[in-house]
Amino acid sequence: MPTKTLHIPTADGRADAFAAFPDRGERHPGVLMYADGFGIRPVLREMARELAAHGYYVLVPNLFYRHGPAPVIELPEYIGDEARPAVFAQVMPLIEAHTAERVLRDADAYLRFLTTQPEVAAGPVAVTGYCIGGLLAMRTAAAHPGQVAAVAAFHGPVSVDGPDLFSKLTAQVHLGHAEGDMTPEALDELNQALDAAGVGHTSEIYPGTVHGFTMSDTDAFSASGLQRHWDRLLPLLDHTLADS
């Protein structure tokens with residue numbers, strides 16, 4: 001599986017990024033993958049490679065490039081209960097500094113870069129994200145309705161922007177919520193808001209999961225949750241990007 005370390009020109013500098021894509025000498029649909037707040041690290045690279053193996057060019061930008069190249073903060077190999085307070089003390093200021101304005105400026109640059117790569121097919125793209133990256137994915141899809149055909153967010157705070165964001169979406173949406181993050185009542189309210197906005201979507205609570213369940217280098221990891229994530233993500237991409 002070919003991989004590259006790339007640098008994406010942005011309005012505020014250059015964002016380093018990781019890309020994975022099939023080694024078949026063909027052009028493939030593009031997927032922009034937003035990491036969680038812990039950023040690009042081995043588990044994200046592995047997830048990008050796994051997705052690429054299904055026939056996609058996957059671009060994973062360093063969200064916090066303004067603070068330095070990835071890894072922006074030093075992470076333990078395994079993020080358990082003991083490590084979390086120190087890690088979050090470093091991560092939260094980065095997340096708080098990453099304003100909605102920055103998100104949208106960067107999204108413009110990331111999509112422009114993705115769609116001009118020689119290995120990427122013409123046509124629509126997809127965006128997926130994890131944790132805070134899920135919110136970024138939704139904002140990106142809303143800001144680029146003619147370009148983003150599918151968006152998926154996993155254990156992300158996607159309801160933060162509410163109906164204002166939903167009303168701009170034209171992409172097909174999948175939201176995979178952690179059981180520890182979302183009550184059934186909150187899920188019903190969210191899904192009603194998506195329905196009212198006319199968004200084509202699936203949105204569900206993944207049983208037995210807590211926030212961060214897709215990440216195998218944390219104590220939140222759920223093997224069944226990660227598999228369910230692939231079971232939902234791959235058909236979504238296949239359906240929406242099949243003609244690319």
# chains A, B, ... in the order shown; residues from 1 in each chain; ligands from 1
call {"tool": "residues_around", "arguments": {"residues": "stretch 102-116 of chain A", "least_positions_apart": "3", "cutoff": "8 Å", "atoms": "only C-alpha atoms", "output": "PyMOL selection string"}}
result
chain A and resi 8-11+30+32+59+61+98-99+120-122+136+139-140+143
call {"tool": "write_last_selection", "arguments": {"atoms": "all heavy atoms", "output": "compact mmCIF listing (two decimals), in the first residue's frame"}}
result
# COMPACT_ATOMS: atom_id res chain seq x y z
N ILE A 8 0.44 20.47 2.42
CA ILE A 8 -0.70 21.10 1.77
C ILE A 8 -0.60 22.61 1.95
O ILE A 8 -0.62 23.10 3.09
CB ILE A 8 -2.02 20.59 2.38
CG1 ILE A 8 -2.09 19.06 2.29
CG2 ILE A 8 -3.20 21.25 1.69
CD1 ILE A 8 -3.27 18.46 3.04
N PRO A 9 -0.54 23.38 0.87
CA PRO A 9 -0.56 24.84 1.01
C PRO A 9 -1.91 25.31 1.55
O PRO A 9 -2.96 24.89 1.06
CB PRO A 9 -0.34 25.35 -0.42
CG PRO A 9 0.14 24.16 -1.20
CD PRO A 9 -0.44 22.96 -0.53
N THR A 10 -1.89 26.15 2.57
CA THR A 10 -3.11 26.71 3.14
C THR A 10 -2.96 28.22 3.24
O THR A 10 -1.88 28.77 3.03
CB THR A 10 -3.40 26.14 4.55
OG1 THR A 10 -2.52 26.77 5.50
CG2 THR A 10 -3.21 24.63 4.60
N ALA A 11 -4.04 28.87 3.61
CA ALA A 11 -4.00 30.33 3.77
C ALA A 11 -3.09 30.74 4.92
O ALA A 11 -2.64 31.89 4.97
CB ALA A 11 -5.42 30.85 4.01
N GLY A 30 -11.52 10.19 -3.89
CA GLY A 30 -10.81 10.79 -2.78
C GLY A 30 -11.62 10.82 -1.50
O GLY A 30 -12.84 11.06 -1.53
N LEU A 32 -11.25 12.54 2.40
CA LEU A 32 -10.56 13.37 3.38
C LEU A 32 -10.90 12.82 4.76
O LEU A 32 -12.08 12.73 5.12
CB LEU A 32 -11.03 14.82 3.26
CG LEU A 32 -10.49 15.82 4.27
CD1 LEU A 32 -8.97 15.94 4.20
CD2 LEU A 32 -11.14 17.20 4.05
N LEU A 59 -6.61 10.99 2.45
CA LEU A 59 -5.74 12.09 2.88
C LEU A 59 -6.06 12.44 4.32
O LEU A 59 -7.21 12.75 4.66
CB LEU A 59 -5.96 13.32 2.00
CG LEU A 59 -5.12 14.56 2.32
CD1 LEU A 59 -3.64 14.29 2.02
CD2 LEU A 59 -5.63 15.77 1.53
N PRO A 61 -4.92 15.09 7.06
CA PRO A 61 -4.11 16.27 7.37
C PRO A 61 -3.84 16.41 8.87
O PRO A 61 -4.62 15.93 9.70
CB PRO A 61 -4.99 17.42 6.87
CG PRO A 61 -6.39 16.92 7.05
CD PRO A 61 -6.33 15.43 6.80
N HIS A 98 -8.60 26.01 17.42
CA HIS A 98 -8.98 25.65 16.05
C HIS A 98 -10.41 26.11 15.80
O HIS A 98 -11.36 25.33 15.84
CB HIS A 98 -8.83 24.14 15.86
CG HIS A 98 -8.72 23.72 14.43
ND1 HIS A 98 -7.81 24.27 13.56
CD2 HIS A 98 -9.41 22.81 13.70
CE1 HIS A 98 -7.94 23.72 12.36
NE2 HIS A 98 -8.91 22.82 12.43
N THR A 99 -10.57 27.38 15.54
CA THR A 99 -11.88 28.02 15.41
C THR A 99 -12.61 27.56 14.16
O THR A 99 -12.00 27.00 13.23
CB THR A 99 -11.72 29.54 15.36
OG1 THR A 99 -10.95 29.87 14.18
CG2 THR A 99 -11.00 30.06 16.60
N VAL A 120 -6.07 10.76 -7.80
CA VAL A 120 -7.47 10.95 -7.40
C VAL A 120 -8.35 11.14 -8.63
O VAL A 120 -8.05 11.96 -9.51
CB VAL A 120 -7.62 12.15 -6.44
CG1 VAL A 120 -9.09 12.42 -6.12
CG2 VAL A 120 -6.84 11.87 -5.16
N ALA A 121 -9.45 10.39 -8.67
CA ALA A 121 -10.38 10.45 -9.79
C ALA A 121 -11.18 11.74 -9.75
O ALA A 121 -11.41 12.33 -8.69
CB ALA A 121 -11.32 9.25 -9.74
N ALA A 122 -11.62 12.17 -10.93
CA ALA A 122 -12.55 13.29 -11.00
C ALA A 122 -13.88 12.89 -10.37
O ALA A 122 -14.23 11.71 -10.31
CB ALA A 122 -12.74 13.71 -12.45
N LEU A 136 -15.61 18.48 12.34
CA LEU A 136 -14.91 19.11 11.21
C LEU A 136 -15.39 18.53 9.88
O LEU A 136 -15.54 19.25 8.88
CB LEU A 136 -13.41 18.93 11.34
CG LEU A 136 -12.66 19.99 12.15
CD1 LEU A 136 -13.24 20.21 13.53
CD2 LEU A 136 -11.18 19.64 12.26
N ARG A 139 -18.76 20.07 9.10
CA ARG A 139 -18.61 21.46 8.66
C ARG A 139 -18.05 21.53 7.25
O ARG A 139 -18.46 22.38 6.44
CB ARG A 139 -17.69 22.21 9.64
CG ARG A 139 -18.35 22.51 10.97
CD ARG A 139 -17.37 23.15 11.95
NE ARG A 139 -18.06 23.60 13.17
CZ ARG A 139 -17.43 24.07 14.24
NH1 ARG A 139 -16.10 24.14 14.26
NH2 ARG A 139 -18.12 24.46 15.31
N THR A 140 -17.13 20.64 6.93
CA THR A 140 -16.56 20.61 5.59
C THR A 140 -17.61 20.25 4.56
O THR A 140 -17.72 20.87 3.49
CB THR A 140 -15.38 19.61 5.54
OG1 THR A 140 -14.37 20.04 6.43
CG2 THR A 140 -14.82 19.50 4.13
N ALA A 143 -19.99 23.12 3.95
CA ALA A 143 -19.39 24.24 3.23
C ALA A 143 -19.12 23.93 1.77
O ALA A 143 -18.88 24.84 0.97
CB ALA A 143 -18.08 24.66 3.91
call {"tool": "residues_around", "arguments": {"residues": "A:Gly123", "least_positions_apart": "6", "cutoff": "10 Å", "atoms": "only C-alpha atoms", "output": "list in words"}}
result
His28, Pro29, Gly30, Thr115, Gln147, Val148, Ala149, Leu241, Ala242, Asp243 and Ser244 of chain A
call {"tool": "write_last_selection", "arguments": {"atoms": "all heavy atoms", "output": "tab-separated table (two decimals), in the first residue's frame"}}
result
chain	number	residue	atom	x	y	z
A	28	HIS	N	-8.44	6.98	-8.13
A	28	HIS	CA	-9.40	6.47	-7.16
A	28	HIS	C	-10.18	7.61	-6.51
A	28	HIS	O	-9.66	8.72	-6.39
A	28	HIS	CB	-8.68	5.67	-6.08
A	28	HIS	CG	-7.82	4.57	-6.62
A	28	HIS	ND1	-8.31	3.35	-6.98
A	28	HIS	CD2	-6.49	4.54	-6.90
A	28	HIS	CE1	-7.33	2.59	-7.45
A	28	HIS	NE2	-6.22	3.29	-7.41
A	29	PRO	N	-11.41	7.36	-6.07
A	29	PRO	CA	-12.16	8.40	-5.38
A	29	PRO	C	-11.39	8.91	-4.15
A	29	PRO	O	-10.72	8.13	-3.47
A	29	PRO	CB	-13.46	7.69	-4.97
A	29	PRO	CG	-13.58	6.53	-5.90
A	29	PRO	CD	-12.18	6.10	-6.20
A	30	GLY	N	-11.52	10.19	-3.89
A	30	GLY	CA	-10.81	10.79	-2.78
A	30	GLY	C	-11.62	10.82	-1.50
A	30	GLY	O	-12.84	11.06	-1.53
A	115	THR	N	-8.26	16.97	-4.52
A	115	THR	CA	-8.85	16.76	-5.84
A	115	THR	C	-7.88	17.02	-6.98
A	115	THR	O	-8.20	16.72	-8.14
A	115	THR	CB	-10.11	17.63	-6.02
A	115	THR	OG1	-9.77	19.01	-5.77
A	115	THR	CG2	-11.21	17.19	-5.07
A	147	GLN	N	-19.52	19.32	-3.78
A	147	GLN	CA	-18.30	18.52	-3.95
A	147	GLN	C	-18.27	17.29	-3.06
A	147	GLN	O	-17.73	16.26	-3.45
A	147	GLN	CB	-17.09	19.41	-3.64
A	147	GLN	CG	-15.76	18.83	-4.00
A	147	GLN	CD	-14.64	19.86	-3.87
A	147	GLN	OE1	-14.77	20.84	-3.13
A	147	GLN	NE2	-13.55	19.64	-4.57
A	148	VAL	N	-18.83	17.39	-1.86
A	148	VAL	CA	-18.80	16.29	-0.90
A	148	VAL	C	-20.10	15.49	-1.02
A	148	VAL	O	-21.18	15.99	-0.73
A	148	VAL	CB	-18.62	16.82	0.54
A	148	VAL	CG1	-18.66	15.65	1.52
A	148	VAL	CG2	-17.31	17.57	0.66
A	149	ALA	N	-19.97	14.24	-1.45
A	149	ALA	CA	-21.14	13.39	-1.66
A	149	ALA	C	-21.50	12.57	-0.44
A	149	ALA	O	-22.64	12.10	-0.32
A	149	ALA	CB	-20.90	12.47	-2.85
A	241	LEU	N	-19.74	7.11	-4.12
A	241	LEU	CA	-18.56	7.41	-4.94
A	241	LEU	C	-18.34	6.38	-6.05
A	241	LEU	O	-17.32	6.41	-6.73
A	241	LEU	CB	-17.30	7.47	-4.07
A	241	LEU	CG	-17.31	8.47	-2.92
A	241	LEU	CD1	-15.99	8.45	-2.19
A	241	LEU	CD2	-17.62	9.88	-3.42
A	242	ALA	N	-19.30	5.50	-6.27
A	242	ALA	CA	-19.11	4.38	-7.20
A	242	ALA	C	-18.80	4.84	-8.62
A	242	ALA	O	-18.08	4.14	-9.35
A	242	ALA	CB	-20.35	3.51	-7.21
A	243	ASP	N	-19.31	6.00	-9.00
A	243	ASP	CA	-19.12	6.45	-10.39
A	243	ASP	C	-17.85	7.27	-10.57
A	243	ASP	O	-17.55	7.72	-11.67
A	243	ASP	CB	-20.32	7.29	-10.85
A	243	ASP	CG	-21.58	6.43	-10.93
A	243	ASP	OD1	-21.45	5.23	-11.16
A	243	ASP	OD2	-22.67	7.01	-10.76
A	244	SER	N	-17.10	7.50	-9.48
A	244	SER	CA	-15.89	8.33	-9.59
A	244	SER	C	-14.77	7.55	-10.28
A	244	SER	O	-14.66	6.34	-10.10
A	244	SER	CB	-15.42	8.76	-8.20
A	244	SER	OG	-16.36	9.63	-7.62
call {"tool": "select_by_dssp", "arguments": {"residues": "stretch 2-136 of chain A", "states": "strand (DSSP E)", "output": "ChimeraX atom specification"}}
result
/A:3-10,13-20,30-34,57-61,125-130
call {"tool": "residues_around", "arguments": {"residues": "A:Ala137", "least_positions_apart": "4", "cutoff": "7 Å", "atoms": "only C-alpha atoms", "output": "PyMOL selection string"}}
result
chain A and resi 34+127-129+133+141+151+153
call {"tool": "write_last_selection", "arguments": {"atoms": "N, CA, C and O atoms", "output": "mmCIF file, in the first residue's frame"}}
result
data_model
loop_
_atom_site.group_PDB
_atom_site.id
_atom_site.type_symbol
_atom_site.label_atom_id
_atom_site.label_comp_id
_atom_site.auth_asym_id
_atom_site.auth_seq_id
_atom_site.Cartn_x
_atom_site.Cartn_y
_atom_site.Cartn_z
ATOM 1 N N TYR A 34 -10.434 13.190 8.795
ATOM 2 C CA TYR A 34 -10.040 14.036 9.913
ATOM 3 C C TYR A 34 -9.771 13.168 11.146
ATOM 4 O O TYR A 34 -10.639 12.401 11.582
ATOM 5 N N VAL A 127 -15.909 12.727 3.082
ATOM 6 C CA VAL A 127 -15.185 13.208 4.255
ATOM 7 C C VAL A 127 -15.616 12.363 5.443
ATOM 8 O O VAL A 127 -16.807 12.106 5.644
ATOM 9 N N THR A 128 -14.639 11.920 6.224
ATOM 10 C CA THR A 128 -14.942 11.181 7.444
ATOM 11 C C THR A 128 -14.103 11.728 8.581
ATOM 12 O O THR A 128 -13.035 12.305 8.357
ATOM 13 N N GLY A 129 -14.612 11.585 9.806
ATOM 14 C CA GLY A 129 -13.876 12.135 10.936
ATOM 15 C C GLY A 129 -14.238 11.456 12.237
ATOM 16 O O GLY A 129 -15.304 10.837 12.375
ATOM 17 N N GLY A 133 -12.836 15.524 14.944
ATOM 18 C CA GLY A 133 -12.771 15.401 13.494
ATOM 19 C C GLY A 133 -14.120 15.130 12.855
ATOM 20 O O GLY A 133 -14.341 15.471 11.689
ATOM 21 N N ALA A 141 -18.410 19.239 4.853
ATOM 22 C CA ALA A 141 -19.456 18.817 3.925
ATOM 23 C C ALA A 141 -20.484 19.926 3.721
ATOM 24 O O ALA A 141 -20.952 20.155 2.596
ATOM 25 N N VAL A 151 -20.546 12.003 3.980
ATOM 26 C CA VAL A 151 -19.826 12.401 5.188
ATOM 27 C C VAL A 151 -20.200 11.430 6.301
ATOM 28 O O VAL A 151 -21.360 11.049 6.447
ATOM 29 N N ALA A 153 -19.299 10.608 10.520
ATOM 30 C CA ALA A 153 -18.688 11.101 11.756
ATOM 31 C C ALA A 153 -18.909 10.068 12.849
ATOM 32 O O ALA A 153 -20.028 9.562 13.020
#
call {"tool": "closest_residue", "arguments": {"among": "A:His144, A:Arg45, A:His211, A:His229", "to": "A:Thr5", "atoms": "only C-alpha atoms"}}
result
A:Arg45
call {"tool": "atom_distance", "arguments": {"atom1": "atom CA of A:Leu187", "atom2": "atom CA of A:Val91"}}
result
27.4 Å
call {"tool": "atom_distance", "arguments": {"atom1": "atom CA of A:Asp195", "atom2": "atom CA of A:Pro124"}}
result
23.2 Å
call {"tool": "decode", "arguments": {"residues": "stretch 122-134 of chain A", "atoms": "all heavy atoms", "output": "PDB file, in the first residue's frame"}}
result
ATOM      1  N   ALA A 122     -11.624  12.174 -10.931  1.00  0.00           N
ATOM      2  CA  ALA A 122     -12.549  13.293 -10.999  1.00  0.00           C
ATOM      3  C   ALA A 122     -13.882  12.888 -10.369  1.00  0.00           C
ATOM      4  O   ALA A 122     -14.225  11.713 -10.313  1.00  0.00           O
ATOM      5  CB  ALA A 122     -12.743  13.706 -12.452  1.00  0.00           C
ATOM      6  N   GLY A 123     -14.609  13.879  -9.906  1.00  0.00           N
ATOM      7  CA  GLY A 123     -15.913  13.589  -9.333  1.00  0.00           C
ATOM      8  C   GLY A 123     -15.979  13.925  -7.865  1.00  0.00           C
ATOM      9  O   GLY A 123     -15.046  14.518  -7.298  1.00  0.00           O
ATOM     10  N   PRO A 124     -17.061  13.559  -7.210  1.00  0.00           N
ATOM     11  CA  PRO A 124     -17.252  13.917  -5.812  1.00  0.00           C
ATOM     12  C   PRO A 124     -16.293  13.186  -4.886  1.00  0.00           C
ATOM     13  O   PRO A 124     -15.689  12.176  -5.258  1.00  0.00           O
ATOM     14  CB  PRO A 124     -18.699  13.501  -5.528  1.00  0.00           C
ATOM     15  CG  PRO A 124     -18.967  12.396  -6.509  1.00  0.00           C
ATOM     16  CD  PRO A 124     -18.194  12.772  -7.740  1.00  0.00           C
ATOM     17  N   VAL A 125     -16.166  13.710  -3.678  1.00  0.00           N
ATOM     18  CA  VAL A 125     -15.315  13.112  -2.654  1.00  0.00           C
ATOM     19  C   VAL A 125     -16.162  12.845  -1.418  1.00  0.00           C
ATOM     20  O   VAL A 125     -17.325  13.234  -1.335  1.00  0.00           O
ATOM     21  CB  VAL A 125     -14.135  14.028  -2.297  1.00  0.00           C
ATOM     22  CG1 VAL A 125     -13.280  14.295  -3.519  1.00  0.00           C
ATOM     23  CG2 VAL A 125     -14.625  15.344  -1.681  1.00  0.00           C
ATOM     24  N   ALA A 126     -15.541  12.177  -0.449  1.00  0.00           N
ATOM     25  CA  ALA A 126     -16.180  11.925   0.842  1.00  0.00           C
ATOM     26  C   ALA A 126     -15.291  12.479   1.942  1.00  0.00           C
ATOM     27  O   ALA A 126     -14.083  12.672   1.755  1.00  0.00           O
ATOM     28  CB  ALA A 126     -16.408  10.430   1.046  1.00  0.00           C
ATOM     29  N   VAL A 127     -15.909  12.727   3.082  1.00  0.00           N
ATOM     30  CA  VAL A 127     -15.185  13.208   4.255  1.00  0.00           C
ATOM     31  C   VAL A 127     -15.616  12.363   5.443  1.00  0.00           C
ATOM     32  O   VAL A 127     -16.807  12.106   5.644  1.00  0.00           O
ATOM     33  CB  VAL A 127     -15.471  14.692   4.547  1.00  0.00           C
ATOM     34  CG1 VAL A 127     -14.569  15.194   5.657  1.00  0.00           C
ATOM     35  CG2 VAL A 127     -15.301  15.547   3.299  1.00  0.00           C
ATOM     36  N   THR A 128     -14.639  11.920   6.224  1.00  0.00           N
ATOM     37  CA  THR A 128     -14.942  11.181   7.444  1.00  0.00           C
ATOM     38  C   THR A 128     -14.103  11.728   8.581  1.00  0.00           C
ATOM     39  O   THR A 128     -13.035  12.305   8.357  1.00  0.00           O
ATOM     40  CB  THR A 128     -14.694   9.667   7.257  1.00  0.00           C
ATOM     41  OG1 THR A 128     -15.119   8.961   8.415  1.00  0.00           O
ATOM     42  CG2 THR A 128     -13.238   9.367   6.987  1.00  0.00           C
ATOM     43  N   GLY A 129     -14.612  11.585   9.806  1.00  0.00           N
ATOM     44  CA  GLY A 129     -13.876  12.135  10.936  1.00  0.00           C
ATOM     45  C   GLY A 129     -14.238  11.456  12.237  1.00  0.00           C
ATOM     46  O   GLY A 129     -15.304  10.837  12.375  1.00  0.00           O
ATOM     47  N   TYR A 130     -13.339  11.611  13.202  1.00  0.00           N
ATOM     48  CA  TYR A 130     -13.444  10.930  14.491  1.00  0.00           C
ATOM     49  C   TYR A 130     -13.340  11.967  15.611  1.00  0.00           C
ATOM     50  O   TYR A 130     -12.487  12.851  15.567  1.00  0.00           O
ATOM     51  CB  TYR A 130     -12.328   9.885  14.618  1.00  0.00           C
ATOM     52  CG  TYR A 130     -12.369   8.901  13.473  1.00  0.00           C
ATOM     53  CD1 TYR A 130     -11.661   9.148  12.292  1.00  0.00           C
ATOM     54  CD2 TYR A 130     -13.168   7.768  13.535  1.00  0.00           C
ATOM     55  CE1 TYR A 130     -11.737   8.276  11.218  1.00  0.00           C
ATOM     56  CE2 TYR A 130     -13.256   6.901  12.465  1.00  0.00           C
ATOM     57  CZ  TYR A 130     -12.546   7.155  11.307  1.00  0.00           C
ATOM     58  OH  TYR A 130     -12.641   6.302  10.241  1.00  0.00           O
ATOM     59  N   CYS A 131     -14.223  11.830  16.607  1.00  0.00           N
ATOM     60  CA  CYS A 131     -14.232  12.769  17.736  1.00  0.00           C
ATOM     61  C   CYS A 131     -14.390  14.182  17.179  1.00  0.00           C
ATOM     62  O   CYS A 131     -15.287  14.436  16.391  1.00  0.00           O
ATOM     63  CB  CYS A 131     -12.974  12.580  18.575  1.00  0.00           C
ATOM     64  SG  CYS A 131     -12.920  13.590  20.079  1.00  0.00           S
ATOM     65  N   ILE A 132     -13.521  15.118  17.549  1.00  0.00           N
ATOM     66  CA  ILE A 132     -13.630  16.481  17.033  1.00  0.00           C
ATOM     67  C   ILE A 132     -13.549  16.485  15.511  1.00  0.00           C
ATOM     68  O   ILE A 132     -14.152  17.338  14.835  1.00  0.00           O
ATOM     69  CB  ILE A 132     -12.547  17.396  17.657  1.00  0.00           C
ATOM     70  CG1 ILE A 132     -12.791  18.859  17.291  1.00  0.00           C
ATOM     71  CG2 ILE A 132     -11.156  16.952  17.242  1.00  0.00           C
ATOM     72  CD1 ILE A 132     -14.079  19.442  17.822  1.00  0.00           C
ATOM     73  N   GLY A 133     -12.836  15.524  14.944  1.00  0.00           N
ATOM     74  CA  GLY A 133     -12.771  15.401  13.494  1.00  0.00           C
ATOM     75  C   GLY A 133     -14.120  15.130  12.855  1.00  0.00           C
ATOM     76  O   GLY A 133     -14.341  15.471  11.689  1.00  0.00           O
ATOM     77  N   GLY A 134     -15.044  14.521  13.601  1.00  0.00           N
ATOM     78  CA  GLY A 134     -16.388  14.306  13.087  1.00  0.00           C
ATOM     79  C   GLY A 134     -17.115  15.617  12.869  1.00  0.00           C
ATOM     80  O   GLY A 134     -17.812  15.803  11.864  1.00  0.00           O
TER      81      GLY A 134
END
